[in-house]
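K.L.:
Have a look at this one.
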Amino acid sequence: MKAMVLGDTHGDVTYLGKALEIFEEEKIDRLYLTGDLLPQSAKMLDFLSAKIVAVSGNCDSYYQTEQSVHFPMPLINYTGFNGKTVAITHGHFYDAYSIPIDYDILILGHSHVSTIRRLGSRLVLNPGSLAQPRDGIHSYMILDEKAIRLFDIVNGSLIQKVDF
């Protein structure tokens, strides 16, 4: 299985369009969304609703993004990935220490800063932001059975790779 992780698109349709091209080209199975989509981005993603595991961000509530899509956007969502439990939350209510779900991999957004880090035996991921990166990298992640890869969507370069 292969999954793409996107965060904090904030309605940017240009970078999201490029991410969707990569999603199709790479034949990706799942799309994990860390919230703050806003209605413009959410509408672009709705055709993939059967493949999406998403959460609501702090801006989604304000713009009522959840009302414009056909996939659930709770505050916390979880799924399985290659035998591991993946918890997803935006990061404005819960973090790696306060989330009430046991997890192997935690995916967060909100900070707009991309990161892959180990927390004991767990992994904590943040894909950064496609639209408004605070670390200067318009980034996304790809997970497969072997590794987690962080990419720059502007030039396609691999920024970081962590093996499982």
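Letters A, B, ... go to the chains of the structure tokens in the order shown; residues in each chain start at 1; ligands are counted from 1 in the same order.
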Got a sec: who's within 8 Å of range 132-135 of chain A, counting only C-alpha atoms, leaving out chain neighbours fewer than 3 positions off, as a count of residues only?
P.N.:
11
K.L.:
Would you pick out the contacts of range 99-104 of chain A at 8 Å or less, using only C-alpha atoms, so that residues sharing its chain but fewer than 4 positions from it are not included, and give the list as a ChimeraX atom specification?
P.N.:
/A:84-87,94-95,121-123
K.L.:
Using only C-alpha atoms, which protein or nucleic acid residues come within 12 Å of Ala147 in chain A? Drop anything in the same chain fewer than 5 positions from it, and give the result as a ChimeraX atom specification.
P.N.:
/A:1-3,81-82,116,123,141-142,160-164
K.L.:
Save out the residues we just selected, C-alpha atoms, as a tab-separated table (two decimals), in the first residue's frame.
P.N.:
```
chain	number	residue	atom	x	y	z
A	1	MET	CA	0.00	0.00	0.00
A	2	LYS	CA	1.09	3.55	-0.71
A	3	ALA	CA	-0.29	6.73	0.88
A	81	PHE	CA	-1.21	1.17	7.34
A	82	ASN	CA	0.88	-1.96	6.72
A	116	ILE	CA	9.64	13.25	10.44
A	123	LEU	CA	6.82	8.07	14.43
A	141	MET	CA	4.84	12.98	2.04
A	142	ILE	CA	4.63	9.52	0.53
A	160	GLN	CA	14.09	13.50	3.83
A	161	LYS	CA	13.67	9.73	3.93
A	162	VAL	CA	13.13	7.54	6.99
A	163	ASP	CA	12.98	3.77	6.69
A	164	PHE	CA	10.41	1.80	8.67
```
K.L.:
Please identify all polymer residues within 8 Å of Val5 in chain A, counting only C-alpha atoms, omitting same-chain residues fewer than 3 positions from it, and present them as a ChimeraX atom specification.
P.N.:
/A:31-34,127,140-143
K.L.:
Find the residues of range 18-84 of chain A that sit at most 10 Å from range 151-156 of chain A; for each, write down the nearest two atoms and how far apart they are in Å, to one decimal. Count only C-alpha atoms. Sort by chain, then by number going up, and give it as CSV.
P.N.:
```
residue,atom,partner,partner_atom,distance
A:Lys18,CA,A:Ile153,CA,7.5
A:Ala19,CA,A:Ile153,CA,7.3
A:Ile22,CA,A:Ile153,CA,9.3
```
K.L.:
Just asking: which residues within range 7-49 of chain A are alpha helix (DSSP H) according to DSSP, as an NGL selection string?
P.N.:
:A and (13-25 or 38-45)
K.L.:
Using only C-alpha atoms, pick whichever of A:Ile107, A:Val13, A:Ala50, A:Leu75 has the shortest atom-to-atom distance to His92 in chain A.
P.N.:
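Of A:Ile107, A:Val13, A:Ala50, A:Leu75, the one nearest His92 in chain A, counting only C-alpha atoms, is A:Leu75.
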K.L.:
Ranking A:Thr79, A:Lys51, A:Thr14, A:Lys43 by minimum distance to Ile28 in chain A and counting only C-alpha atoms, which one comes first?
P.N.:
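When distances to Ile28 in chain A are compared using only C-alpha atoms, the smallest one comes from A:Lys51.
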K.L.:
Report, in Å to a single decimal, how far apart CA of Asn58 in chain A and CA of Met44 in chain A are.
P.N.:
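It comes out at 19.6 Å.
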K.L.:
If you run DSSP over the backbone, which residues in chain A end up strand (DSSP E)? Put them as JSON, numbers by chain.
P.N.:
{"A": [3, 4, 5, 6, 30, 31, 32, 33, 52, 53, 54, 76, 77, 78, 79, 80, 81, 84, 85, 86, 87, 88, 89, 105, 106, 107, 114, 115, 116, 117, 118, 119, 122, 123, 124, 125, 126, 127, 139, 140, 141, 142, 143, 147, 148, 149, 150, 151, 152, 158, 159, 160, 161, 162, 163]}
K.L.:
For CA of Phe23 in chain A and CA of Phe93 in chain A, quote the distance in Å rounded to one decimal.
P.N.:
28.8 Å
